[in-house]
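Asker: Pasting my_file_19.csv below, which is CSV, C-alpha atoms and all ligand atoms.
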```csv
chain,number,residue,atom,x,y,z
A,1,MET,CA,114.7,100.2,137.2
A,2,LYS,CA,111.1,101.3,137.5
A,3,THR,CA,111.9,103.4,140.5
A,4,ILE,CA,114.7,105.1,138.7
A,5,ILE,CA,112.4,105.9,135.8
A,6,THR,CA,109.6,107.2,138.1
A,7,VAL,CA,112.1,109.4,140.1
A,8,ALA,CA,113.5,110.7,136.8
A,9,LEU,CA,110.1,111.4,135.5
A,10,VAL,CA,108.8,113.2,138.6
A,11,PHE,CA,112.0,115.3,138.5
A,12,THR,CA,111.4,116.2,134.9
A,13,LEU,CA,107.8,117.0,135.6
A,14,LEU,CA,108.8,119.3,138.4
A,15,LEU,CA,111.5,120.9,136.3
A,16,THR,CA,109.0,121.4,133.4
A,17,THR,CA,106.5,122.9,135.8
A,18,SER,CA,109.0,125.4,137.1
A,19,ILE,CA,110.0,126.3,133.5
A,20,ILE,CA,106.4,126.8,132.6
A,21,MET,CA,105.7,128.9,135.7
A,22,GLY,CA,108.8,131.0,135.2
A,23,GLY,CA,108.1,131.6,131.5
A,24,ASN,CA,105.2,133.2,129.8
A,25,THR,CA,102.3,130.9,130.2
A,26,HIS,CA,99.2,130.8,128.1
A,27,ASP,CA,96.1,129.2,129.3
A,28,GLU,CA,94.6,128.0,126.0
A,29,GLU,CA,94.0,124.7,127.7
A,30,GLN,CA,90.7,125.5,129.2
A,31,GLU,CA,89.0,125.9,125.9
A,32,HIS,CA,90.3,122.7,124.6
A,33,GLY,CA,90.0,120.8,127.8
A,34,TYR,CA,93.7,119.9,128.1
A,35,LYS,CA,95.1,119.2,131.5
A,36,ASN,CA,98.6,120.6,130.9
A,37,THR,CA,99.6,124.1,131.0
A,38,TYR,CA,100.5,125.3,127.5
A,39,SER,CA,103.9,126.8,127.1
A,40,ARG,CA,105.1,128.9,124.1
A,41,GLN,CA,108.7,128.1,124.9
A,42,LEU,CA,108.4,124.3,124.5
A,43,ASP,CA,108.3,122.5,121.2
A,44,VAL,CA,105.9,119.8,122.3
A,45,ALA,CA,103.9,119.1,125.5
A,46,PRO,CA,106.1,117.0,127.9
A,47,VAL,CA,104.9,113.6,128.9
A,48,SER,CA,102.4,113.9,131.7
A,49,ASN,CA,101.4,110.3,132.3
A,50,ILE,CA,103.7,108.3,134.6
A,51,THR,CA,102.3,104.9,133.4
A,52,TYR,CA,103.1,105.9,129.8
A,53,ALA,CA,106.6,107.0,130.7
A,54,GLU,CA,107.3,103.7,132.4
A,55,GLU,CA,105.7,101.4,129.9
A,56,CYS,CA,106.7,103.1,126.7
A,57,GLY,CA,109.9,104.4,128.0
A,58,SER,CA,111.5,101.1,129.0
A,59,CYS,CA,113.1,100.3,125.7
A,60,HIS,CA,113.5,103.8,124.3
A,61,PHE,CA,112.8,107.4,125.1
A,62,ALA,CA,109.1,107.9,125.9
A,63,TYR,CA,108.2,109.9,122.7
A,64,GLN,CA,105.8,112.8,123.4
A,65,PRO,CA,102.3,112.1,122.1
A,66,GLY,CA,102.4,115.4,120.2
A,67,LEU,CA,105.0,114.0,117.8
A,68,LEU,CA,102.5,111.9,115.8
A,69,PRO,CA,98.9,112.2,114.8
A,70,GLU,CA,96.1,110.2,116.4
A,71,LYS,CA,95.9,107.8,113.4
A,72,SER,CA,99.5,106.8,113.8
A,73,TRP,CA,99.2,106.2,117.6
A,74,ILE,CA,96.1,104.0,117.0
A,75,LYS,CA,98.0,102.0,114.4
A,76,ILE,CA,101.0,101.6,116.8
A,77,MET,CA,98.8,100.7,119.8
A,78,THR,CA,96.7,98.1,117.9
A,79,ASP,CA,99.8,96.1,116.8
A,80,LEU,CA,102.1,96.1,119.8
A,81,GLU,CA,102.8,92.5,119.4
A,82,ASN,CA,104.7,93.3,116.2
A,83,HIS,CA,106.3,96.5,117.3
A,84,PHE,CA,109.5,97.1,115.2
A,85,ASP,CA,110.6,93.4,115.6
A,86,GLU,CA,109.9,93.5,119.3
A,87,ASN,CA,106.9,92.3,121.3
A,88,ALA,CA,105.6,95.3,123.3
A,89,GLU,CA,102.2,93.8,124.1
A,90,LEU,CA,100.3,95.2,127.1
A,91,ASP,CA,97.2,93.9,128.9
A,92,ALA,CA,93.9,95.2,127.6
A,93,ASP,CA,93.3,97.8,130.4
A,94,LEU,CA,96.7,99.3,130.1
A,95,GLN,CA,96.6,99.3,126.3
A,96,LYS,CA,93.3,101.2,126.4
A,97,GLU,CA,94.6,103.7,129.1
A,98,LEU,CA,97.7,104.5,127.1
A,99,THR,CA,95.9,104.7,123.7
A,100,ASP,CA,93.5,107.2,125.3
A,101,TYR,CA,96.3,109.2,126.6
A,102,LEU,CA,98.2,109.2,123.3
A,103,VAL,CA,95.0,110.1,121.3
A,104,GLN,CA,94.0,112.9,123.6
A,105,ASN,CA,97.4,114.5,123.4
A,106,SER,CA,98.3,113.6,119.8
A,107,ALA,CA,99.8,116.2,117.3
A,108,ASP,CA,96.4,116.9,115.7
A,109,LYS,CA,95.0,118.0,119.1
A,110,SER,CA,98.0,120.0,120.3
A,111,ASN,CA,98.7,123.7,120.2
A,112,TYR,CA,102.4,123.3,120.5
A,113,LYS,CA,104.4,124.7,117.6
A,114,ARG,CA,106.2,121.5,116.5
A,115,SER,CA,103.0,119.4,116.7
A,116,LYS,CA,101.4,121.9,114.4
A,117,ARG,CA,104.3,121.8,112.0
A,118,ILE,CA,104.4,118.1,112.0
A,119,MET,CA,100.7,118.0,111.1
A,120,ARG,CA,101.0,120.7,108.5
A,121,ALA,CA,103.7,118.7,106.6
A,122,LEU,CA,101.6,115.5,106.6
A,123,GLY,CA,98.9,114.6,104.1
A,124,LYS,CA,95.4,114.3,105.5
A,125,SER,CA,95.4,110.5,105.5
A,126,ASP,CA,99.1,110.0,106.3
A,127,ALA,CA,99.7,107.8,109.4
A,128,PRO,CA,103.4,107.1,109.6
A,129,LEU,CA,104.5,104.5,112.2
A,130,ARG,CA,107.6,106.5,112.9
A,131,ILE,CA,108.2,110.1,113.9
A,132,THR,CA,111.5,109.8,112.0
A,133,LYS,CA,109.4,109.1,108.8
A,134,THR,CA,107.3,112.2,109.0
A,135,LEU,CA,108.2,114.8,106.4
A,136,TYR,CA,108.8,117.4,109.0
A,137,PHE,CA,111.3,115.3,110.8
A,138,VAL,CA,113.1,114.3,107.6
A,139,ARG,CA,113.4,117.9,106.5
A,140,LYS,CA,114.8,119.0,109.9
A,141,HIS,CA,117.4,116.3,109.9
A,142,ASP,CA,118.5,116.0,106.3
A,143,GLU,CA,121.7,117.8,106.8
A,144,ILE,CA,123.0,115.3,109.3
A,145,PRO,CA,125.2,112.7,107.6
A,146,TYR,CA,123.7,109.2,108.3
A,147,ARG,CA,127.2,107.8,109.0
A,148,ILE,CA,127.6,109.9,112.1
A,149,VAL,CA,124.4,108.4,113.4
A,150,LYS,CA,124.7,104.8,112.3
A,151,ASN,CA,128.3,104.1,113.2
A,152,ASN,CA,128.1,105.9,116.5
A,153,LYS,CA,127.4,103.6,119.5
A,154,ASP,CA,126.1,106.5,121.5
A,155,ILE,CA,123.4,107.2,118.9
A,156,GLY,CA,122.6,104.1,116.8
A,157,SER,CA,119.6,105.6,115.1
A,158,PHE,CA,117.6,108.8,114.5
A,159,SER,CA,114.9,107.3,116.8
A,160,ASN,CA,117.3,108.0,119.8
A,161,CYS,CA,116.2,111.6,120.3
A,162,THR,CA,117.8,112.1,123.7
A,163,ALA,CA,121.3,111.2,122.3
A,164,CYS,CA,121.4,114.6,120.5
A,165,HIS,CA,118.6,116.7,122.1
A,166,SER,CA,119.7,117.2,125.7
A,167,ASN,CA,116.4,118.7,126.7
A,168,ALA,CA,114.1,116.3,124.7
A,169,GLU,CA,112.5,114.9,127.9
A,170,LYS,CA,111.3,118.4,128.8
A,171,GLY,CA,109.7,118.7,125.4
A,172,SER,CA,112.4,121.0,124.1
A,173,TYR,CA,114.1,120.3,120.8
A,174,ASN,CA,115.7,123.7,120.4
A,175,GLU,CA,118.5,123.5,117.8
A,176,HIS,CA,120.8,125.4,120.2
A,177,ASP,CA,120.6,122.5,122.7
A,178,VAL,CA,121.7,119.9,120.2
A,179,LYS,CA,124.9,118.1,121.0
A,180,ILE,CA,125.8,115.2,118.7
A,181,PRO,CA,127.9,112.7,120.6
A,182,GLY,CA,131.5,112.5,119.2
A,183,TYR,CA,130.7,115.4,117.0
A,184,GLY,CA,129.8,118.3,119.3
A,185,ARG,CA,127.5,121.2,119.1
A,186,TRP,CA,125.6,121.6,115.9
A,187,GLU,CA,126.4,124.7,114.0
A,188,ASP,CA,123.9,125.5,111.2
B,1,LIG,C1,110.2,95.8,124.1
B,1,LIG,C2,110.8,97.1,123.8
B,1,LIG,C3,109.8,98.2,123.4
B,1,LIG,C4,108.7,98.7,124.1
B,1,LIG,C5,108.2,98.2,125.5
B,1,LIG,C6,108.2,99.8,123.3
B,1,LIG,N1,108.9,100.0,122.2
B,1,LIG,FE1,108.6,101.4,120.8
B,1,LIG,N2,110.2,100.7,119.7
B,1,LIG,C7,111.0,99.6,120.0
B,1,LIG,C8,112.0,99.5,119.0
B,1,LIG,C9,113.0,98.4,119.0
B,1,LIG,C10,111.8,100.5,118.1
B,1,LIG,C11,112.6,100.8,116.8
B,1,LIG,C12,113.8,101.7,117.3
B,1,LIG,C13,114.8,102.0,116.2
B,1,LIG,O1,114.5,101.8,115.0
B,1,LIG,O2,115.9,102.5,116.5
B,1,LIG,C14,110.6,101.3,118.6
B,1,LIG,C15,110.1,102.4,117.9
B,1,LIG,C16,109.1,103.1,118.3
B,1,LIG,C17,108.5,104.3,117.6
B,1,LIG,C18,109.1,104.9,116.3
B,1,LIG,C19,110.3,105.8,116.6
B,1,LIG,C20,110.8,106.5,115.4
B,1,LIG,O3,111.7,106.0,114.7
B,1,LIG,O4,110.2,107.6,115.0
B,1,LIG,C21,107.4,104.7,118.3
B,1,LIG,C22,106.6,105.9,117.9
B,1,LIG,C23,107.3,103.8,119.4
B,1,LIG,N3,108.3,102.9,119.4
B,1,LIG,C24,106.2,103.9,120.4
B,1,LIG,C25,106.1,103.1,121.5
B,1,LIG,C26,105.0,103.1,122.4
B,1,LIG,C27,103.8,104.1,122.3
B,1,LIG,C28,105.2,102.2,123.3
B,1,LIG,C29,104.4,101.8,124.5
B,1,LIG,C30,103.0,101.3,124.2
B,1,LIG,C31,106.5,101.5,123.0
B,1,LIG,N4,107.0,102.1,121.8
B,1,LIG,C32,107.1,100.5,123.7
B,1,LIG,C33,110.8,98.9,121.2
B,1,LIG,C34,109.9,99.0,122.2
B,2,LIG,C1,122.0,112.6,115.5
B,2,LIG,C2,121.4,113.6,116.3
B,2,LIG,C3,119.9,113.8,116.4
B,2,LIG,C4,119.0,112.9,116.7
B,2,LIG,C5,119.2,111.4,117.0
B,2,LIG,C6,117.7,113.5,116.6
B,2,LIG,N1,117.9,114.8,116.3
B,2,LIG,FE1,116.4,116.3,116.1
B,2,LIG,N2,117.8,117.6,115.4
B,2,LIG,C7,119.2,117.4,115.4
B,2,LIG,C8,119.8,118.6,114.8
B,2,LIG,C9,121.3,118.7,114.5
B,2,LIG,C10,118.8,119.5,114.6
B,2,LIG,C11,118.9,121.0,114.0
B,2,LIG,C12,118.8,120.9,112.6
B,2,LIG,C13,119.0,122.3,112.0
B,2,LIG,O1,118.0,123.1,112.1
B,2,LIG,O2,120.0,122.6,111.4
B,2,LIG,C14,117.5,118.9,115.0
B,2,LIG,C15,116.3,119.5,114.9
B,2,LIG,C16,115.1,119.0,115.5
B,2,LIG,C17,113.9,119.7,115.6
B,2,LIG,C18,113.6,121.1,115.1
B,2,LIG,C19,114.1,122.1,116.2
B,2,LIG,C20,114.3,123.5,115.7
B,2,LIG,O3,114.6,124.4,116.6
B,2,LIG,O4,114.1,123.8,114.5
B,2,LIG,C21,113.0,118.8,116.2
B,2,LIG,C22,111.5,119.1,116.5
B,2,LIG,C23,113.7,117.6,116.4
B,2,LIG,N3,115.0,117.7,116.0
B,2,LIG,C24,113.1,116.5,117.0
B,2,LIG,C25,113.7,115.2,117.1
B,2,LIG,C26,113.1,114.0,117.6
B,2,LIG,C27,111.6,114.0,118.0
B,2,LIG,C28,114.0,113.1,117.5
B,2,LIG,C29,113.8,111.6,117.9
B,2,LIG,C30,112.7,110.9,117.2
B,2,LIG,C31,115.3,113.6,117.1
B,2,LIG,N4,115.0,115.0,116.8
B,2,LIG,C32,116.4,113.0,116.9
B,2,LIG,C33,119.8,116.2,115.7
B,2,LIG,C34,119.2,115.0,116.1
```
Could you show the structure in this file as structure tokens?
Answerer:
Amino acid sequence: MKTIITVALVFTLLLTTSIIMGGNTHDEEQEHGYKNTYSRQLDVAPVSNITYAEECGSCHFAYQPGLLPEKSWIKIMTDLENHFDENAELDADLQKELTDYLVQNSADKSNYKRSKRIMRALGKSDAPLRITKTLYFVRKHDEIPYRIVKNNKDIGSFSNCTACHSNAEKGSYNEHDVKIPGYGRWED
């Protein structure tokens, strides 16, 4: 299983790199000390840490750090024992490494457009535990009837981003790439 995840991630990283290289790139990273190349075409920075992809991608999609503010990630990472009714506890070193990665790449430190919009819609002290509870997310998904999510075995919940966003792993949530299983392409 781990091998499959690693291979899939490496593939995604290569694909993303080629998208970034092919598109218009912008090197705002230098001034902020980011490691990744910034792309105006992507909604959030793709996951760039293989350990994160493996550890936090084993039960669900490895959510990009740029989908939540630093405060949220710290809350999540300091209570992994009680993680949405699951135990997702990590050993201390790993927990620190992944917290650092999430904090350094959190929405409040990102230049990507969706990260900025997520932050703009949040109150200063807001630290939701879920991306799906952020005001930005709720607004973007409020036209989708809950029954087509809940009663659909291929989706199950709004937390399952990849069920509808075919390019979510690359950091792209473009509404034109949305395909809802059993429902089809989303026409606004
Ligand atoms: C043992 C399984 C498991 C592991 C490992 C795990 N999670 Fe989760 N996570 C869950 C479950 C279950 C949910 C709730 C999903 C739902 O409501 O559909 C969840 C939800 C989340 C959400 C909220 C998604 C939303 O609704 O917006 C975030 C953020 C999250 N996890 C981050 C992480 C991070 C970071 C890690 C790695 C440190 C991690 N998870 C590892 C089981 C896990
Ligand atoms: C049931 C299918 C479904 C799931 C699950 C889902 N989305 Fe969406 N999402 C949509 C649809 C449909 C739209 C387009 C809404 C519109 O603008 O009409 C959208 C829009 C978005 C947008 C805005 C894109 C744009 O171009 O305006 C973002 C960002 C986004 N989703 C992120 C997420 C994330 C992150 C998750 C998982 C935590 C997720 N979505 C889960 C269906 C889904």
Asker: Given the choices A:Ala88, A:Ala168, A:Ile50, A:Leu135, which gets closest to ligand LIG 1 (chain B) if the distance is worked out from all atoms listed in the file?
Answerer: A:Ala88
Asker: Counting all atoms listed in the file, figure out which residue out of A:Ser72, A:Asn111, A:Thr51, A:Gln104 gets nearest to Lys124 in chain A.
Answerer: A:Ser72
Asker: Would you mind listing what lies within 10 Å of range 96-102 of chain A as a list in words, with only C-alpha atoms counted and same-chain residues fewer than 4 positions away left out?
Answerer: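 My reading of the contact set: Val47, Ser48, Asn49, Thr51, Tyr52, Ala53, Glu55, Cys56, Gln64, Pro65, Gly66, Leu67, Leu68, Pro69, Glu70, Ser72, Trp73, Ile74, Lys75, Ile76, Met77, Thr78, Leu90, Asp91, Ala92, Ser106 and Ala107 of chain A.
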Asker: Write as a list in words the residues around ligand LIG 1 (chain B), taking 6 Å as the cut-off and counting all atoms listed in the file.
Answerer: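 Based on all atoms listed in the file, ligand LIG 1 (chain B) is surrounded within 6 Å by Glu55, Cys56, Ser58, Cys59, Phe84, Glu86, Asn87, Ala88, Arg130, Ile131, Thr132, Ser157 and Ser159 of chain A.
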Asker: Write as a list in words the residues around ligand LIG 2 (chain B), taking 7 Å as the cut-off and counting all atoms listed in the file.
Answerer: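 Listing the residues within 7 Å of ligand LIG 2 (chain B) gives Asp43, Leu67, Arg114, Ile131, Thr132, Phe137, Lys140, His141, Glu143, Ile144, Val149, Ile155, Ser157, Phe158, Ser159, Asn160, Cys161, Thr162, Ala163, Cys164, His165, Tyr173, Asn174, Glu175, Val178, Ile180, Trp186 and Asp188 of chain A.
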Asker: Compile the contact shell of Leu122 in chain A as number ranges by chain: residues with an atom at most 8 Å away, counting all atoms listed in the file, same-chain residues fewer than 3 positions apart removed.
Answerer: A: 118-119, 126, 134-136
Asker: Between CA of His60 in chain A and CA of Ala127 in chain A, what is the distance, to one decimal in Å?
Answerer: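 About the pair CA of His60 in chain A and CA of Ala127 in chain A: they are 20.7 Å apart.
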Asker: What is the CA of Ala62 in chain A-CA of Gly171 in chain A distance in Å, reported with one decimal?
Answerer: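 Answer for the CA of Ala62 in chain A to CA of Gly171 in chain A separation: 10.8 Å.
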Asker: Interatomic distance between CA of Asn167 in chain A and CA of Asp79 in chain A?
Answerer: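 A separation of 29.7 Å between them.
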Asker: Which of these residues is nearest to Lys71 in chain A, using all atoms listed in the file: A:Ser125, A:Ser172, A:Ser166, A:Gln95?
Answerer: A:Ser125
Asker: So that I can check the surroundings of Tyr112 in chain A, please list as a list in words every protein, DNA and RNA residue that reaches within 10 Å of it, counting all atoms listed in the file and ignoring chain neighbours fewer than 6 positions away.
Answerer: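 The residues satisfying every condition are Tyr38, Ser39, Arg40, Gln41, Leu42, Asp43, Val44, Ala45, Gly66 and Gly171 of chain A.
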Asker: Take the residues from that selection and write them out as an mmCIF file, in the coordinates of the input, keeping C-alpha atoms.
Answerer:
```cif
data_model
loop_
_atom_site.group_PDB
_atom_site.id
_atom_site.type_symbol
_atom_site.label_atom_id
_atom_site.label_comp_id
_atom_site.auth_asym_id
_atom_site.auth_seq_id
_atom_site.Cartn_x
_atom_site.Cartn_y
_atom_site.Cartn_z
ATOM 1 C CA TYR A 38 100.500 125.300 127.500
ATOM 2 C CA SER A 39 103.900 126.800 127.100
ATOM 3 C CA ARG A 40 105.100 128.900 124.100
ATOM 4 C CA GLN A 41 108.700 128.100 124.900
ATOM 5 C CA LEU A 42 108.400 124.300 124.500
ATOM 6 C CA ASP A 43 108.300 122.500 121.200
ATOM 7 C CA VAL A 44 105.900 119.800 122.300
ATOM 8 C CA ALA A 45 103.900 119.100 125.500
ATOM 9 C CA GLY A 66 102.400 115.400 120.200
ATOM 10 C CA GLY A 171 109.700 118.700 125.400
#
```
Asker: Would you pull range 88-112 of chain A out of the block just shown and save N, CA, C and O atoms as a PDB file, in the first residue's frame?
Answerer:
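Listing of out-v4.pdb after writing:
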```pdb
ATOM      1  N   ALA A  88      -5.251   8.766  15.210  1.00  0.00           N
ATOM      2  CA  ALA A  88      -4.274   8.987  14.138  1.00  0.00           C
ATOM      3  C   ALA A  88      -2.932   9.398  14.754  1.00  0.00           C
ATOM      4  O   ALA A  88      -2.137  10.114  14.144  1.00  0.00           O
ATOM      5  N   GLU A  89      -2.700   8.954  15.981  1.00  0.00           N
ATOM      6  CA  GLU A  89      -1.500   9.329  16.729  1.00  0.00           C
ATOM      7  C   GLU A  89      -0.209   8.974  15.975  1.00  0.00           C
ATOM      8  O   GLU A  89      -0.122   7.933  15.321  1.00  0.00           O
ATOM      9  N   LEU A  90       0.791   9.851  16.103  1.00  0.00           N
ATOM     10  CA  LEU A  90       2.097   9.621  15.470  1.00  0.00           C
ATOM     11  C   LEU A  90       3.167   9.697  16.547  1.00  0.00           C
ATOM     12  O   LEU A  90       2.953  10.309  17.592  1.00  0.00           O
ATOM     13  N   ASP A  91       4.348   9.135  16.274  1.00  0.00           N
ATOM     14  CA  ASP A  91       5.397   9.306  17.277  1.00  0.00           C
ATOM     15  C   ASP A  91       5.883  10.758  17.242  1.00  0.00           C
ATOM     16  O   ASP A  91       5.661  11.479  16.267  1.00  0.00           O
ATOM     17  N   ALA A  92       6.514  11.181  18.347  1.00  0.00           N
ATOM     18  CA  ALA A  92       6.807  12.605  18.557  1.00  0.00           C
ATOM     19  C   ALA A  92       7.589  13.252  17.407  1.00  0.00           C
ATOM     20  O   ALA A  92       7.269  14.360  16.980  1.00  0.00           O
ATOM     21  N   ASP A  93       8.601  12.542  16.874  1.00  0.00           N
ATOM     22  CA  ASP A  93       9.417  13.122  15.796  1.00  0.00           C
ATOM     23  C   ASP A  93       8.596  13.393  14.550  1.00  0.00           C
ATOM     24  O   ASP A  93       8.694  14.454  13.929  1.00  0.00           O
ATOM     25  N   LEU A  94       7.808  12.396  14.204  1.00  0.00           N
ATOM     26  CA  LEU A  94       6.984  12.497  13.004  1.00  0.00           C
ATOM     27  C   LEU A  94       5.931  13.586  13.173  1.00  0.00           C
ATOM     28  O   LEU A  94       5.669  14.378  12.261  1.00  0.00           O
ATOM     29  N   GLN A  95       5.365  13.618  14.360  1.00  0.00           N
ATOM     30  CA  GLN A  95       4.329  14.613  14.646  1.00  0.00           C
ATOM     31  C   GLN A  95       4.923  16.016  14.475  1.00  0.00           C
ATOM     32  O   GLN A  95       4.308  16.893  13.881  1.00  0.00           O
ATOM     33  N   LYS A  96       6.159  16.204  14.943  1.00  0.00           N
ATOM     34  CA  LYS A  96       6.797  17.519  14.835  1.00  0.00           C
ATOM     35  C   LYS A  96       7.112  17.852  13.371  1.00  0.00           C
ATOM     36  O   LYS A  96       6.852  18.950  12.911  1.00  0.00           O
ATOM     37  N   GLU A  97       7.670  16.865  12.675  1.00  0.00           N
ATOM     38  CA  GLU A  97       8.045  17.092  11.270  1.00  0.00           C
ATOM     39  C   GLU A  97       6.813  17.507  10.446  1.00  0.00           C
ATOM     40  O   GLU A  97       6.856  18.462   9.669  1.00  0.00           O
ATOM     41  N   LEU A  98       5.711  16.787  10.656  1.00  0.00           N
ATOM     42  CA  LEU A  98       4.522  17.073   9.852  1.00  0.00           C
ATOM     43  C   LEU A  98       3.843  18.373  10.278  1.00  0.00           C
ATOM     44  O   LEU A  98       3.316  19.103   9.440  1.00  0.00           O
ATOM     45  N   THR A  99       3.885  18.679  11.581  1.00  0.00           N
ATOM     46  CA  THR A  99       3.330  19.962  12.040  1.00  0.00           C
ATOM     47  C   THR A  99       4.127  21.101  11.400  1.00  0.00           C
ATOM     48  O   THR A  99       3.549  22.055  10.881  1.00  0.00           O
ATOM     49  N   ASP A 100       5.463  21.001  11.413  1.00  0.00           N
ATOM     50  CA  ASP A 100       6.298  22.043  10.798  1.00  0.00           C
ATOM     51  C   ASP A 100       5.942  22.226   9.329  1.00  0.00           C
ATOM     52  O   ASP A 100       5.812  23.352   8.837  1.00  0.00           O
ATOM     53  N   TYR A 101       5.799  21.102   8.637  1.00  0.00           N
ATOM     54  CA  TYR A 101       5.468  21.165   7.213  1.00  0.00           C
ATOM     55  C   TYR A 101       4.124  21.877   7.007  1.00  0.00           C
ATOM     56  O   TYR A 101       3.998  22.771   6.162  1.00  0.00           O
ATOM     57  N   LEU A 102       3.121  21.491   7.799  1.00  0.00           N
ATOM     58  CA  LEU A 102       1.781  22.093   7.655  1.00  0.00           C
ATOM     59  C   LEU A 102       1.810  23.582   7.982  1.00  0.00           C
ATOM     60  O   LEU A 102       1.233  24.398   7.254  1.00  0.00           O
ATOM     61  N   VAL A 103       2.500  23.940   9.063  1.00  0.00           N
ATOM     62  CA  VAL A 103       2.547  25.339   9.480  1.00  0.00           C
ATOM     63  C   VAL A 103       3.262  26.200   8.425  1.00  0.00           C
ATOM     64  O   VAL A 103       2.788  27.260   8.039  1.00  0.00           O
ATOM     65  N   GLN A 104       4.384  25.689   7.928  1.00  0.00           N
ATOM     66  CA  GLN A 104       5.152  26.470   6.946  1.00  0.00           C
ATOM     67  C   GLN A 104       4.400  26.684   5.636  1.00  0.00           C
ATOM     68  O   GLN A 104       4.673  27.616   4.902  1.00  0.00           O
ATOM     69  N   ASN A 105       3.456  25.784   5.358  1.00  0.00           N
ATOM     70  CA  ASN A 105       2.742  25.875   4.086  1.00  0.00           C
ATOM     71  C   ASN A 105       1.255  26.169   4.266  1.00  0.00           C
ATOM     72  O   ASN A 105       0.459  25.957   3.346  1.00  0.00           O
ATOM     73  N   SER A 106       0.886  26.638   5.444  1.00  0.00           N
ATOM     74  CA  SER A 106      -0.536  26.865   5.755  1.00  0.00           C
ATOM     75  C   SER A 106      -1.113  28.006   4.920  1.00  0.00           C
ATOM     76  O   SER A 106      -0.373  28.790   4.313  1.00  0.00           O
ATOM     77  N   ALA A 107      -2.447  28.097   4.929  1.00  0.00           N
ATOM     78  CA  ALA A 107      -3.133  29.094   4.087  1.00  0.00           C
ATOM     79  C   ALA A 107      -2.664  30.516   4.381  1.00  0.00           C
ATOM     80  O   ALA A 107      -2.549  31.333   3.464  1.00  0.00           O
ATOM     81  N   ASP A 108      -2.374  30.822   5.649  1.00  0.00           N
ATOM     82  CA  ASP A 108      -1.952  32.198   5.968  1.00  0.00           C
ATOM     83  C   ASP A 108      -0.569  32.545   5.437  1.00  0.00           C
ATOM     84  O   ASP A 108      -0.177  33.703   5.426  1.00  0.00           O
ATOM     85  N   LYS A 109       0.187  31.525   4.971  1.00  0.00           N
ATOM     86  CA  LYS A 109       1.527  31.819   4.455  1.00  0.00           C
ATOM     87  C   LYS A 109       1.614  31.584   2.952  1.00  0.00           C
ATOM     88  O   LYS A 109       2.688  31.596   2.382  1.00  0.00           O
ATOM     89  N   SER A 110       0.464  31.332   2.339  1.00  0.00           N
ATOM     90  CA  SER A 110       0.497  30.949   0.931  1.00  0.00           C
ATOM     91  C   SER A 110       0.061  32.093   0.020  1.00  0.00           C
ATOM     92  O   SER A 110      -0.767  32.919   0.381  1.00  0.00           O
ATOM     93  N   ASN A 111       0.631  32.087  -1.186  1.00  0.00           N
ATOM     94  CA  ASN A 111       0.267  33.079  -2.191  1.00  0.00           C
ATOM     95  C   ASN A 111      -0.792  32.575  -3.157  1.00  0.00           C
ATOM     96  O   ASN A 111      -1.207  33.298  -4.048  1.00  0.00           O
ATOM     97  N   TYR A 112      -1.152  31.314  -2.998  1.00  0.00           N
ATOM     98  CA  TYR A 112      -2.105  30.732  -3.945  1.00  0.00           C
ATOM     99  C   TYR A 112      -3.505  31.289  -3.724  1.00  0.00           C
ATOM    100  O   TYR A 112      -3.901  31.586  -2.598  1.00  0.00           O
TER     101      TYR A 112
END
```
